[in-house]
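Peer 1: You'll find final.tsv just under this line, and it carries TSV, C-alpha atoms.
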chain	number	residue	atom	x	y	z
A	1	MET	CA	73.49	60.24	-98.24
A	2	ASP	CA	73.37	56.67	-96.95
A	3	ILE	CA	72.94	55.72	-93.31
A	4	ILE	CA	76.61	54.79	-92.87
A	5	ARG	CA	77.79	58.23	-94.00
A	6	ILE	CA	75.23	59.90	-91.73
A	7	LEU	CA	76.45	57.93	-88.72
A	8	ARG	CA	80.07	58.73	-89.54
A	9	LEU	CA	79.23	62.44	-89.78
A	10	ILE	CA	77.45	62.36	-86.42
A	11	LEU	CA	80.39	60.59	-84.78
A	12	TYR	CA	82.86	63.01	-86.36
A	13	ASN	CA	80.94	66.09	-85.18
A	14	THR	CA	80.55	64.59	-81.71
A	15	ALA	CA	84.31	63.95	-81.51
A	16	ILE	CA	85.08	67.51	-82.63
A	17	PHE	CA	82.69	68.88	-79.99
A	18	LEU	CA	84.27	66.80	-77.23
A	19	CYS	CA	87.78	67.88	-78.23
A	20	LEU	CA	86.79	71.55	-78.23
A	21	TYR	CA	85.08	71.12	-74.86
A	22	LEU	CA	88.12	69.49	-73.31
A	23	LEU	CA	90.42	72.15	-74.72
A	24	ALA	CA	88.17	74.84	-73.31
A	25	SER	CA	88.12	73.12	-69.94
A	26	CYS	CA	91.92	72.84	-69.82
A	27	GLY	CA	92.24	76.51	-70.66
A	28	ARG	CA	90.13	77.63	-67.72
A	29	SER	CA	91.69	79.35	-64.78
A	30	LYS	CA	91.74	77.61	-61.42
A	31	HIS	CA	88.86	79.77	-60.24
A	32	GLU	CA	86.71	78.69	-63.19
A	33	LYS	CA	87.60	75.02	-62.80
A	34	VAL	CA	86.11	74.90	-59.32
A	35	GLU	CA	82.41	74.46	-59.99
A	36	MET	CA	80.93	72.53	-57.08
A	37	GLY	CA	79.63	74.05	-53.86
A	38	ASN	CA	79.96	77.47	-52.28
A	39	PHE	CA	83.48	78.53	-51.46
A	40	HIS	CA	85.30	81.54	-50.06
A	41	THR	CA	87.82	83.60	-51.98
A	42	VAL	CA	90.89	85.07	-50.30
A	43	GLU	CA	92.68	87.79	-52.23
A	44	VAL	CA	96.24	87.32	-51.03
A	45	SER	CA	98.25	90.44	-50.30
A	46	PHE	CA	101.92	90.48	-51.23
A	47	ASP	CA	102.53	93.89	-49.66
A	48	PRO	CA	103.76	93.24	-46.12
A	49	VAL	CA	102.48	95.30	-43.21
A	50	ALA	CA	105.19	97.82	-42.36
A	51	ASP	CA	104.65	97.75	-38.58
A	52	TYR	CA	104.23	94.28	-37.12
A	53	ASN	CA	102.28	95.72	-34.18
A	54	THR	CA	99.55	96.65	-36.68
A	55	PHE	CA	99.62	93.08	-37.99
A	56	TYR	CA	99.07	91.40	-34.59
A	57	ARG	CA	96.66	93.87	-33.00
A	58	PRO	CA	93.47	92.61	-34.77
A	59	PHE	CA	93.72	89.06	-33.39
A	60	VAL	CA	95.92	89.06	-30.26
A	61	ARG	CA	94.14	89.32	-26.92
A	62	ASP	CA	97.13	88.09	-24.94
A	63	MET	CA	100.34	86.12	-25.46
A	64	ASP	CA	102.63	83.78	-23.53
A	65	VAL	CA	105.52	81.45	-24.34
A	66	ILE	CA	106.26	77.78	-23.65
A	67	PRO	CA	109.97	76.90	-23.90
A	68	LEU	CA	110.19	73.15	-24.63
A	69	GLU	CA	112.72	71.60	-22.29
A	70	ASN	CA	115.74	69.68	-23.56
A	71	PHE	CA	115.74	65.96	-22.76
A	72	ASN	CA	118.27	63.17	-23.18
A	73	GLY	CA	120.38	65.37	-25.39
A	74	ILE	CA	117.84	65.16	-28.23
A	75	GLU	CA	117.42	68.32	-30.29
A	76	LEU	CA	113.99	68.72	-31.82
A	77	GLY	CA	115.08	71.05	-34.60
A	78	ASN	CA	112.23	72.51	-36.67
A	79	VAL	CA	108.85	71.78	-35.10
A	80	MET	CA	106.63	72.06	-38.15
A	81	TYR	CA	103.72	69.72	-37.34
A	82	PHE	CA	102.20	69.35	-33.90
A	83	LYS	CA	98.84	69.11	-32.19
A	84	VAL	CA	97.58	70.31	-28.81
A	85	LEU	CA	94.94	68.42	-26.84
A	86	ASP	CA	93.87	69.42	-23.34
A	87	THR	CA	97.17	70.09	-21.53
A	88	LEU	CA	99.48	68.08	-23.78
A	89	ILE	CA	101.44	68.91	-26.94
A	90	TYR	CA	102.10	66.13	-29.48
A	91	ILE	CA	105.03	66.79	-31.83
A	92	LEU	CA	105.77	65.05	-35.12
A	93	GLN	CA	109.52	65.40	-35.65
A	94	ASP	CA	110.87	64.00	-38.92
A	95	ASN	CA	110.71	60.19	-38.63
A	96	ARG	CA	111.15	60.03	-34.88
A	97	PRO	CA	108.57	58.91	-32.31
A	98	ILE	CA	105.78	61.30	-31.34
A	99	TYR	CA	107.19	63.47	-28.54
A	100	VAL	CA	104.77	64.64	-25.86
A	101	PHE	CA	105.18	67.74	-23.69
A	102	ASN	CA	102.77	69.38	-21.29
A	103	THR	CA	101.71	72.99	-21.73
A	104	HIS	CA	104.42	74.06	-19.29
A	105	GLY	CA	107.04	72.72	-21.69
A	106	LYS	CA	107.99	69.65	-19.63
A	107	PHE	CA	108.75	66.46	-21.53
A	108	ARG	CA	106.32	63.68	-20.63
A	109	ARG	CA	106.80	60.71	-22.93
A	110	LYS	CA	107.43	59.47	-26.41
A	111	ILE	CA	104.91	57.41	-28.34
A	112	GLY	CA	106.17	54.60	-30.55
A	113	GLU	CA	109.70	54.10	-31.79
A	114	LEU	CA	111.61	53.55	-35.00
A	115	GLY	CA	112.18	50.03	-36.26
A	116	GLU	CA	110.20	47.00	-37.31
A	117	GLY	CA	107.56	45.15	-35.32
A	118	PRO	CA	104.55	46.04	-33.17
A	119	GLY	CA	104.48	49.65	-32.07
A	120	LYS	CA	107.37	50.58	-34.36
A	121	PHE	CA	107.54	52.39	-37.67
A	122	GLU	CA	110.05	53.25	-40.35
A	123	ILE	CA	108.40	56.40	-41.63
A	124	ILE	CA	105.54	58.62	-40.43
A	125	SER	CA	103.33	60.42	-42.93
A	126	ASP	CA	101.10	62.09	-40.36
A	127	PHE	CA	99.04	61.40	-37.25
A	128	PHE	CA	95.72	62.43	-35.77
A	129	ILE	CA	93.87	61.95	-32.49
A	130	GLU	CA	90.27	60.78	-32.19
A	131	ASP	CA	88.39	59.44	-29.16
A	132	SER	CA	91.59	59.42	-27.07
A	133	ILE	CA	93.42	57.25	-29.61
A	134	ILE	CA	96.46	58.33	-31.63
A	135	TYR	CA	96.48	57.02	-35.21
A	136	ILE	CA	99.89	57.12	-36.91
A	137	SER	CA	100.13	56.63	-40.68
A	138	SER	CA	103.26	54.61	-41.41
A	139	TYR	CA	104.02	53.35	-44.92
A	140	THR	CA	101.27	50.72	-45.38
A	141	SER	CA	100.01	50.39	-41.80
A	142	VAL	CA	98.20	52.41	-39.16
A	143	GLU	CA	99.70	52.19	-35.66
A	144	MET	CA	97.35	52.91	-32.74
A	145	PHE	CA	98.24	54.11	-29.23
A	146	LYS	CA	96.47	55.40	-26.17
A	147	LEU	CA	97.34	58.94	-25.15
A	148	ASP	CA	99.53	57.55	-22.36
A	149	GLY	CA	101.62	55.70	-24.94
A	150	THR	CA	100.08	52.25	-24.47
A	151	TYR	CA	100.24	50.32	-27.73
A	152	LEU	CA	96.84	49.18	-29.02
A	153	GLY	CA	97.81	47.39	-32.21
A	154	ASN	CA	97.90	48.10	-35.91
A	155	PHE	CA	96.33	47.16	-39.21
A	156	ASN	CA	97.47	47.07	-42.81
A	157	ILE	CA	95.59	49.71	-44.75
A	158	ASN	CA	95.53	47.69	-47.98
A	159	GLU	CA	94.32	44.52	-46.27
A	160	ARG	CA	91.57	46.21	-44.28
A	161	TYR	CA	90.10	48.51	-46.93
A	162	LYS	CA	91.31	46.88	-50.15
A	163	PRO	CA	91.53	50.06	-52.24
A	164	PRO	CA	91.50	49.60	-56.04
A	165	ARG	CA	95.20	50.50	-56.08
A	166	PRO	CA	97.56	49.60	-53.22
A	167	LEU	CA	98.51	52.58	-51.07
A	168	PHE	CA	102.08	53.31	-49.99
A	169	ASN	CA	103.27	56.11	-47.72
A	170	PHE	CA	99.68	57.25	-47.33
A	171	ASN	CA	97.75	59.64	-45.11
A	172	PHE	CA	94.73	58.39	-43.18
A	173	PHE	CA	91.89	60.23	-41.47
A	174	ARG	CA	88.50	59.28	-40.05
A	175	LYS	CA	85.59	61.54	-39.22
A	176	ASP	CA	81.88	60.98	-38.57
A	177	GLY	CA	81.87	57.42	-39.88
A	178	TYR	CA	83.98	58.12	-42.97
A	179	ILE	CA	87.55	57.00	-43.64
A	180	TYR	CA	89.68	59.07	-45.99
A	181	LEU	CA	92.87	57.81	-47.61
A	182	PHE	CA	95.35	59.26	-50.06
A	183	ASP	CA	98.87	58.25	-51.03
A	184	ASN	CA	101.85	59.95	-52.60
A	185	GLY	CA	100.60	59.85	-56.17
A	186	ARG	CA	103.14	57.43	-57.60
A	187	HIS	CA	103.53	57.39	-61.37
A	188	GLY	CA	101.77	60.73	-61.68
A	189	LYS	CA	98.34	59.49	-60.56
A	190	TYR	CA	96.58	60.61	-57.44
A	191	HIS	CA	94.96	57.96	-55.27
A	192	PHE	CA	92.19	59.27	-53.02
A	193	TYR	CA	89.51	57.02	-51.56
A	194	THR	CA	86.57	57.34	-49.19
A	195	PHE	CA	85.20	54.39	-47.21
A	196	ASN	CA	82.44	53.97	-44.66
A	197	GLU	CA	83.03	52.31	-41.30
A	198	ASP	CA	82.13	48.91	-42.80
A	199	GLY	CA	85.00	49.23	-45.26
A	200	GLN	CA	82.78	49.84	-48.27
A	201	LEU	CA	84.39	51.98	-50.97
A	202	LEU	CA	82.29	55.04	-51.74
A	203	ALA	CA	82.23	56.94	-55.01
A	204	THR	CA	84.20	60.07	-54.20
A	205	LYS	CA	82.87	63.10	-56.05
A	206	PHE	CA	85.45	65.66	-57.09
A	207	PRO	CA	84.65	69.13	-58.45
A	208	ASN	CA	83.66	69.07	-62.11
A	209	ASN	CA	86.53	69.42	-64.57
A	210	TYR	CA	89.03	69.64	-61.73
A	211	LEU	CA	91.90	67.43	-62.89
A	212	ILE	CA	94.41	66.49	-60.22
A	213	GLU	CA	97.73	64.72	-60.64
A	214	ALA	CA	100.31	65.00	-57.92
A	215	VAL	CA	100.97	64.71	-54.22
A	216	TRP	CA	98.28	65.63	-51.73
A	217	SER	CA	99.48	67.57	-48.73
A	218	ARG	CA	97.63	66.70	-45.50
A	219	PHE	CA	94.31	66.62	-43.68
A	220	ILE	CA	93.37	69.55	-41.44
A	221	ASN	CA	90.70	69.17	-38.75
A	222	THR	CA	89.53	72.57	-37.53
A	223	GLU	CA	86.25	73.89	-36.13
A	224	GLY	CA	84.69	70.45	-36.56
A	225	LYS	CA	85.40	70.34	-40.30
A	226	VAL	CA	87.95	68.29	-42.22
A	227	TYR	CA	89.90	69.96	-45.00
A	228	LEU	CA	92.28	68.55	-47.56
A	229	LEU	CA	95.19	70.81	-48.38
A	230	PRO	CA	95.84	70.99	-52.12
A	231	VAL	CA	98.51	69.43	-54.23
A	232	ASN	CA	101.45	71.58	-55.21
A	233	CYS	CA	100.72	74.50	-57.55
A	234	VAL	CA	96.98	74.31	-56.84
A	235	ASP	CA	95.25	77.16	-55.03
A	236	THR	CA	92.07	75.61	-53.60
A	237	ILE	CA	91.57	73.98	-50.19
A	238	PHE	CA	88.87	71.32	-50.16
A	239	GLN	CA	86.39	70.34	-47.47
A	240	LEU	CA	85.51	66.67	-47.02
A	241	ASN	CA	81.78	66.22	-46.63
A	242	GLY	CA	80.99	62.53	-46.53
A	243	ALA	CA	81.91	61.19	-49.96
A	244	GLU	CA	82.03	64.67	-51.48
A	245	VAL	CA	85.18	66.73	-51.93
A	246	LEU	CA	84.01	70.33	-52.05
A	247	PRO	CA	86.06	73.45	-52.77
A	248	ALA	CA	86.03	75.52	-49.60
A	249	TRP	CA	88.73	78.19	-49.85
A	250	TYR	CA	90.13	79.60	-53.07
A	251	PHE	CA	93.32	81.69	-52.76
A	252	ASP	CA	93.73	84.32	-55.43
A	253	PHE	CA	97.48	84.78	-55.84
A	254	GLY	CA	97.09	87.14	-58.78
A	255	SER	CA	100.09	87.16	-61.11
A	256	HIS	CA	101.84	84.63	-58.85
A	257	ALA	CA	99.22	81.92	-59.47
A	258	ASN	CA	99.69	78.96	-61.79
A	259	ARG	CA	96.98	79.56	-64.38
A	260	SER	CA	97.40	76.19	-66.05
A	261	LEU	CA	98.91	72.89	-64.98
A	262	ASP	CA	99.68	71.95	-68.57
A	263	ASP	CA	103.10	73.59	-68.74
A	264	LEU	CA	104.34	72.37	-65.37
A	265	PRO	CA	107.41	70.13	-65.60
A	266	GLY	CA	107.15	66.40	-64.88
A	267	SER	CA	104.38	64.47	-63.21
A	268	MET	CA	105.06	66.05	-59.81
A	269	SER	CA	105.07	62.54	-58.34
A	270	GLN	CA	108.78	61.76	-58.10
A	271	PRO	CA	111.43	63.55	-55.99
A	272	GLN	CA	113.31	64.85	-59.02
A	273	ASP	CA	110.08	66.08	-60.56
A	274	MET	CA	109.34	67.89	-57.31
A	275	LEU	CA	112.70	69.67	-57.45
A	276	ASN	CA	112.05	70.64	-61.06
A	277	LEU	CA	108.66	71.95	-60.05
A	278	MET	CA	110.08	74.06	-57.22
A	279	GLN	CA	112.71	75.48	-59.55
A	280	TYR	CA	110.10	76.23	-62.19
A	281	CYS	CA	107.87	78.07	-59.72
A	282	ALA	CA	110.83	80.05	-58.37
A	283	GLU	CA	111.89	81.13	-61.86
A	284	LYS	CA	108.35	82.11	-62.83
A	285	LYS	CA	107.64	83.67	-59.40
A	286	ARG	CA	104.66	81.37	-58.95
A	287	VAL	CA	103.22	80.06	-55.70
A	288	PHE	CA	104.45	76.51	-55.11
A	289	SER	CA	102.19	75.31	-52.30
A	290	ILE	CA	99.70	76.01	-49.54
A	291	SER	CA	101.24	74.01	-46.74
A	292	ARG	CA	99.31	75.07	-43.63
A	293	PHE	CA	95.81	76.22	-42.82
A	294	ASP	CA	93.90	76.73	-39.57
A	295	LYS	CA	90.93	78.79	-38.48
A	296	TYR	CA	89.14	80.06	-35.38
A	297	LYS	CA	86.03	82.24	-35.66
A	298	GLN	CA	86.93	85.02	-38.13
A	299	HIS	CA	90.67	84.40	-37.81
A	300	LEU	CA	92.25	82.36	-40.61
A	301	PHE	CA	95.96	81.59	-40.83
A	302	PHE	CA	97.71	79.97	-43.77
A	303	THR	CA	101.17	79.41	-45.21
A	304	PHE	CA	102.12	79.55	-48.87
A	305	GLY	CA	105.43	78.95	-50.59
A	306	LEU	CA	106.91	81.46	-53.02
A	307	ASN	CA	110.51	81.85	-54.24
A	308	ASN	CA	111.54	78.90	-52.04
A	309	GLU	CA	110.34	80.70	-48.91
A	310	GLY	CA	107.29	80.19	-46.72
A	311	TYR	CA	104.97	83.08	-45.89
A	312	ASN	CA	102.67	82.92	-42.88
A	313	CYS	CA	99.57	85.04	-43.44
A	314	TYR	CA	96.49	86.22	-41.56
A	315	TYR	CA	93.04	86.72	-43.08
A	316	ASP	CA	90.03	88.27	-41.35
A	317	THR	CA	86.86	86.67	-42.73
A	318	ILE	CA	84.73	89.62	-41.58
A	319	THR	CA	86.76	92.52	-42.96
A	320	HIS	CA	88.16	90.37	-45.82
A	321	ILE	CA	91.59	91.86	-45.20
A	322	CYS	CA	94.57	89.59	-45.90
A	323	SER	CA	97.84	90.57	-44.25
A	324	THR	CA	101.39	89.38	-44.64
A	325	ILE	CA	104.24	90.38	-42.39
A	326	LYS	CA	107.79	91.00	-43.48
A	327	TYR	CA	110.92	89.53	-41.97
A	328	THR	CA	112.97	91.82	-39.79
A	329	ASP	CA	116.75	91.76	-39.62
A	330	PRO	CA	117.60	91.11	-36.90
A	331	PRO	CA	114.49	89.15	-35.84
A	332	GLU	CA	112.29	90.47	-33.05
A	333	ILE	CA	110.76	88.60	-30.13
A	334	PHE	CA	107.25	89.97	-30.54
A	335	ASN	CA	107.00	89.13	-34.23
A	336	PRO	CA	106.69	85.33	-33.83
A	337	LEU	CA	104.42	84.38	-36.74
A	338	VAL	CA	106.90	85.55	-39.38
A	339	ASN	CA	109.51	83.17	-37.96
A	340	ALA	CA	107.15	80.31	-37.05
A	341	GLN	CA	108.05	76.89	-38.45
A	342	GLY	CA	104.53	75.67	-37.75
A	343	PHE	CA	101.30	76.71	-36.07
A	344	TYR	CA	98.19	75.07	-34.65
A	345	ILE	CA	94.93	76.36	-33.17
A	346	ASN	CA	93.26	74.69	-30.20
A	347	GLU	CA	90.41	76.05	-28.07
A	348	GLY	CA	90.89	79.63	-29.18
A	349	LYS	CA	94.65	79.65	-28.81
A	350	LEU	CA	97.16	79.95	-31.63
A	351	TYR	CA	100.39	78.00	-30.99
A	352	MET	CA	103.45	78.98	-33.05
A	353	SER	CA	106.83	77.20	-32.92
A	354	VAL	CA	109.93	79.41	-33.21
A	355	ASN	CA	113.48	78.10	-33.25
A	356	ALA	CA	115.69	78.94	-30.29
A	357	PHE	CA	118.56	80.36	-32.36
A	358	VAL	CA	116.17	82.93	-33.87
A	359	LEU	CA	115.07	84.05	-30.42
A	360	LYS	CA	118.67	84.12	-29.20
A	361	GLU	CA	119.56	86.51	-32.02
A	362	ALA	CA	116.51	88.62	-31.25
A	363	LEU	CA	117.46	88.90	-27.59
A	364	GLU	CA	121.01	89.91	-28.43
A	365	SER	CA	119.82	92.62	-30.83
A	366	GLY	CA	117.85	94.39	-28.12
A	367	GLN	CA	115.36	95.63	-30.73
A	368	ASN	CA	112.13	94.18	-29.38
A	369	LYS	CA	109.51	96.91	-29.30
A	370	CYS	CA	105.90	95.93	-28.79
A	371	SER	CA	102.76	98.04	-28.48
A	372	TYR	CA	100.07	95.35	-28.75
A	373	LEU	CA	100.90	93.76	-25.36
A	374	SER	CA	101.04	95.28	-21.90
A	375	GLU	CA	104.46	96.11	-20.46
A	376	ASP	CA	103.97	93.53	-17.70
A	377	ARG	CA	103.27	90.78	-20.24
A	378	GLN	CA	106.31	91.77	-22.28
A	379	LYS	CA	108.51	91.57	-19.19
A	380	GLN	CA	107.13	88.12	-18.29
A	381	ILE	CA	107.87	86.80	-21.77
A	382	MET	CA	111.36	88.29	-21.85
A	383	SER	CA	112.07	86.78	-18.44
A	384	LYS	CA	111.15	83.27	-19.66
A	385	LEU	CA	113.43	83.64	-22.68
A	386	LYS	CA	116.42	85.41	-21.15
A	387	ASN	CA	118.54	82.26	-20.71
A	388	ILE	CA	117.70	80.57	-23.99
A	389	GLY	CA	120.58	79.03	-25.94
A	390	GLU	CA	121.04	78.58	-29.67
A	391	LEU	CA	120.82	74.78	-29.43
A	392	ASP	CA	117.82	74.67	-27.11
A	393	ASN	CA	114.55	73.19	-28.25
A	394	PRO	CA	112.05	75.51	-29.95
A	395	VAL	CA	109.69	77.80	-28.08
A	396	LEU	CA	105.92	77.80	-28.56
A	397	PHE	CA	104.35	81.24	-28.60
A	398	VAL	CA	100.73	81.00	-27.46
A	399	VAL	CA	98.27	83.67	-28.56
A	400	ASP	CA	94.89	84.00	-26.89
A	401	LEU	CA	92.80	84.90	-29.94
A	402	LYS	CA	90.16	87.61	-29.76
Would you mind writing the file out in structure tokens?
Peer 2:
Amino acid sequence: MDIIRILRLILYNTAIFLCLYLLASCGRSKHEKVEMGNFHTVEVSFDPVADYNTFYRPFVRDMDVIPLENFNGIELGNVMYFKVLDTLIYILQDNRPIYVFNTHGKFRRKIGELGEGPGKFEIISDFFIEDSIIYISSYTSVEMFKLDGTYLGNFNINERYKPPRPLFNFNFFRKDGYIYLFDNGRHGKYHFYTFNEDGQLLATKFPNNYLIEAVWSRFINTEGKVYLLPVNCVDTIFQLNGAEVLPAWYFDFGSHANRSLDDLPGSMSQPQDMLNLMQYCAEKKRVFSISRFDKYKQHLFFTFGLNNEGYNCYYDTITHICSTIKYTDPPEIFNPLVNAQGFYINEGKLYMSVNAFVLKEALESGQNKCSYLSEDRQKQIMSKLKNIGELDNPVLFVVDLK
């Protein structure tokens, strides 16, 4: 056998080995694909707790409500994304300015406005607060404001950091000297970059064999750690540790999990593909997304999408018990998490936004029995809600966590 034939045989066998390896990798389950770092596993329960008092008792020390006042005839609608800092609540409402209320529910100011020019934006991807500065991600720029609404300026994300691929409609976060960027995954390719404070691009390390194509969700900053919520149909939440992207929380959805991304329709990067993906997951009874995540001590709260509905869940990291709560018809005042459009944890308090029309229906039903709060606290809450109208702004339920 001459040397040429030997080399050809070696190359052929190497190619066969690589193909078999890649096929084996693609056939792995999500749990097996995640190979870097130590991560927690949450076995998700799909059997709702029959009595909602049993659901709330493990984590509720006390509860109060903050009705958000109406102002200038503007209806907030669903309050899905908000942050609480000190005594102020910052609300991201569609593509409107950031609305600021105090923790008594009084409107204080708006930050930024729609339009073109300094201090204005056409679309908001997300925002975060660091060192008393609000950073708003808007298309290709970052708008910066003081907490009192004073405009500080902006910068173009592509001009400042010069990522290998231009970013559009991106999310931006900075923590401990690192800048994290991701965009909407146009053309079926994810774009995720890590920079240092000097603007140097760092080699981001993803978990081995973890192939990602789609739209990232958002950054979550909780308990001093930064997490990256997964793309649609993926069941692992990642922690950002410098230039490393480490799997932190794996959610075992059992038969409702997507075992392989190969048969998913489309690239998941275009609106129509997203609709196809949602329809596919609904037909197959698969989990579509993990859209929210927050944690305090042993209390972990998360939201997942299944059958075109969102489920807010509680997981105790000590007992390893995962609980879901079922909807009640009519709704009940003291079952706020099941009806919450969004939630946020700050300084040991869980804030949940519930639409006014839901609470109005609950009040009219008269079926609001609660055994996990004192009678005096129940009366105080009912008194604050007694005059609520269907078109009023949402109410924040505030739980003092144990």
Peer 1: Residues within 10 Å of Ala340 of chain A, please, as a list in words. Count all atoms listed in the file; anything in the same chain fewer than 2 positions from it doesn't count.
Peer 2: Asn78, Val79, Met80, Gly310, Tyr311, Asn312, Asn335, Pro336, Leu337, Val338, Gly342, Phe343, Tyr351, Met352, Ser353, Val354, Asn355, Val358, Pro394, Val395, Leu396 and Phe397 of chain A
Peer 1: Please produce a file of those selected residues containing C-alpha atoms, as a PDB file, in the frame of the given file.
Peer 2:
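Contents of the output file part.pdb:
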ATOM      1  CA  ASN A  78     112.230  72.510 -36.670  1.00  0.00           C
ATOM      2  CA  VAL A  79     108.850  71.780 -35.100  1.00  0.00           C
ATOM      3  CA  MET A  80     106.630  72.060 -38.150  1.00  0.00           C
ATOM      4  CA  GLY A 310     107.290  80.190 -46.720  1.00  0.00           C
ATOM      5  CA  TYR A 311     104.970  83.080 -45.890  1.00  0.00           C
ATOM      6  CA  ASN A 312     102.670  82.920 -42.880  1.00  0.00           C
ATOM      7  CA  ASN A 335     107.000  89.130 -34.230  1.00  0.00           C
ATOM      8  CA  PRO A 336     106.690  85.330 -33.830  1.00  0.00           C
ATOM      9  CA  LEU A 337     104.420  84.380 -36.740  1.00  0.00           C
ATOM     10  CA  VAL A 338     106.900  85.550 -39.380  1.00  0.00           C
ATOM     11  CA  GLY A 342     104.530  75.670 -37.750  1.00  0.00           C
ATOM     12  CA  PHE A 343     101.300  76.710 -36.070  1.00  0.00           C
ATOM     13  CA  TYR A 351     100.390  78.000 -30.990  1.00  0.00           C
ATOM     14  CA  MET A 352     103.450  78.980 -33.050  1.00  0.00           C
ATOM     15  CA  SER A 353     106.830  77.200 -32.920  1.00  0.00           C
ATOM     16  CA  VAL A 354     109.930  79.410 -33.210  1.00  0.00           C
ATOM     17  CA  ASN A 355     113.480  78.100 -33.250  1.00  0.00           C
ATOM     18  CA  VAL A 358     116.170  82.930 -33.870  1.00  0.00           C
ATOM     19  CA  PRO A 394     112.050  75.510 -29.950  1.00  0.00           C
ATOM     20  CA  VAL A 395     109.690  77.800 -28.080  1.00  0.00           C
ATOM     21  CA  LEU A 396     105.920  77.800 -28.560  1.00  0.00           C
ATOM     22  CA  PHE A 397     104.350  81.240 -28.600  1.00  0.00           C
TER      23      PHE A 397
END
Peer 1: Could you give me the axis-aligned bounding box of segment 303-316 of chain A, with 6 Å of padding per side, as centre plus edge lengths in Å to one decimal, as JSON?
Peer 2:
{"center_x": 100.8, "center_y": 83.6, "center_z": -47.8, "size_x": 33.5, "size_y": 21.4, "size_z": 24.9}
Peer 1: Provide the atom CA of Lys146 of chain A to atom CA of Ser132 of chain A distance in Å, to one decimal place.
Peer 2: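 Answer for the atom CA of Lys146 of chain A to atom CA of Ser132 of chain A separation: 6.4 Å.
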Peer 1: Contacts of Leu363 of chain A at 12 Å or less, counting only C-alpha atoms, minus same-chain residues fewer than 2 places along, as a list in words?
Peer 2: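 Near neighbours after the sequence-gap exclusion: Pro330, Pro331, Glu332, Ile333, Phe334, Ala356, Phe357, Val358, Leu359, Lys360, Glu361, Ser365, Gly366, Gln367, Asn368, Lys369, Ile381, Met382, Ser383, Lys384, Leu385, Lys386, Asn387, Ile388, Gly389 and Glu390 of chain A.
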Peer 1: Using all atoms listed in the file, which residues sit within 6 Å of Phe39 of chain A once same-chain residues fewer than 2 positions away are excluded, as a list in words?
Peer 2: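 Non-adjacent residues within range: Pro247, Ala248 and Trp249 of chain A.
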Peer 1: Near segment 318-323 of chain A, within 6 Å and counting only C-alpha atoms, which residues show up once chain neighbours fewer than 4 positions away are dropped, as a list in words?
Peer 2: Val44, Ser45, Cys313 and Tyr314 of chain A
Peer 1: Those same residues, written as a compact mmCIF listing (two decimals), in the frame of the given file with C-alpha atoms?
Peer 2:
# COMPACT_ATOMS: atom_id res chain seq x y z
CA VAL A 44 96.24 87.32 -51.03
CA SER A 45 98.25 90.44 -50.30
CA CYS A 313 99.57 85.04 -43.44
CA TYR A 314 96.49 86.22 -41.56
Peer 1: Pull the neighbourhood of (114.3, 61.0, -35.5) for me: all residues within 12 Å in file coordinates, counting only C-alpha atoms, as number ranges by chain.
Peer 2: A: 74-78, 91-99, 110, 112-115, 121-124
Peer 1: Take the point (101.9, 94.6, -26.1) in the file's coordinates, draw a sphere of radius 9 Å around it, and report as a VMD selection string every protein, DNA or RNA residue with an atom inside or on it, counting only C-alpha atoms.
Peer 2: chain A and resid 53 57 62 to 63 334 369 to 378
Peer 1: Kindly give the distance, in Å, that separates atom CA of Pro230 of chain A and atom CA of Lys175 of chain A, rounded to a single decimal.
Peer 2: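 Atom CA of Pro230 of chain A sits 19.0 Å away from atom CA of Lys175 of chain A.
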Peer 1: What is the distance, in Å and to one decimal place, between atom CA of Tyr250 of chain A and atom CA of Asn169 of chain A?
Peer 2: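 Straight-line distance from atom CA of Tyr250 of chain A to atom CA of Asn169 of chain A works out to 27.4 Å.
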Peer 1: Could you name the residues that touch Leu147 of chain A at 10 Å or less, counting all atoms listed in the file, but leaving out those on the same chain fewer than 6 positions away, as a ChimeraX atom specification?
Peer 2: /A:85,88,90,100,109,111,129,131-134
Peer 1: The selected residues should be written to file as a compact mmCIF listing (two decimals), in the coordinates of the input (atoms: C-alpha atoms).
Peer 2:
# COMPACT_ATOMS: atom_id res chain seq x y z
CA LEU A 85 94.94 68.42 -26.84
CA LEU A 88 99.48 68.08 -23.78
CA TYR A 90 102.10 66.13 -29.48
CA VAL A 100 104.77 64.64 -25.86
CA ARG A 109 106.80 60.71 -22.93
CA ILE A 111 104.91 57.41 -28.34
CA ILE A 129 93.87 61.95 -32.49
CA ASP A 131 88.39 59.44 -29.16
CA SER A 132 91.59 59.42 -27.07
CA ILE A 133 93.42 57.25 -29.61
CA ILE A 134 96.46 58.33 -31.63
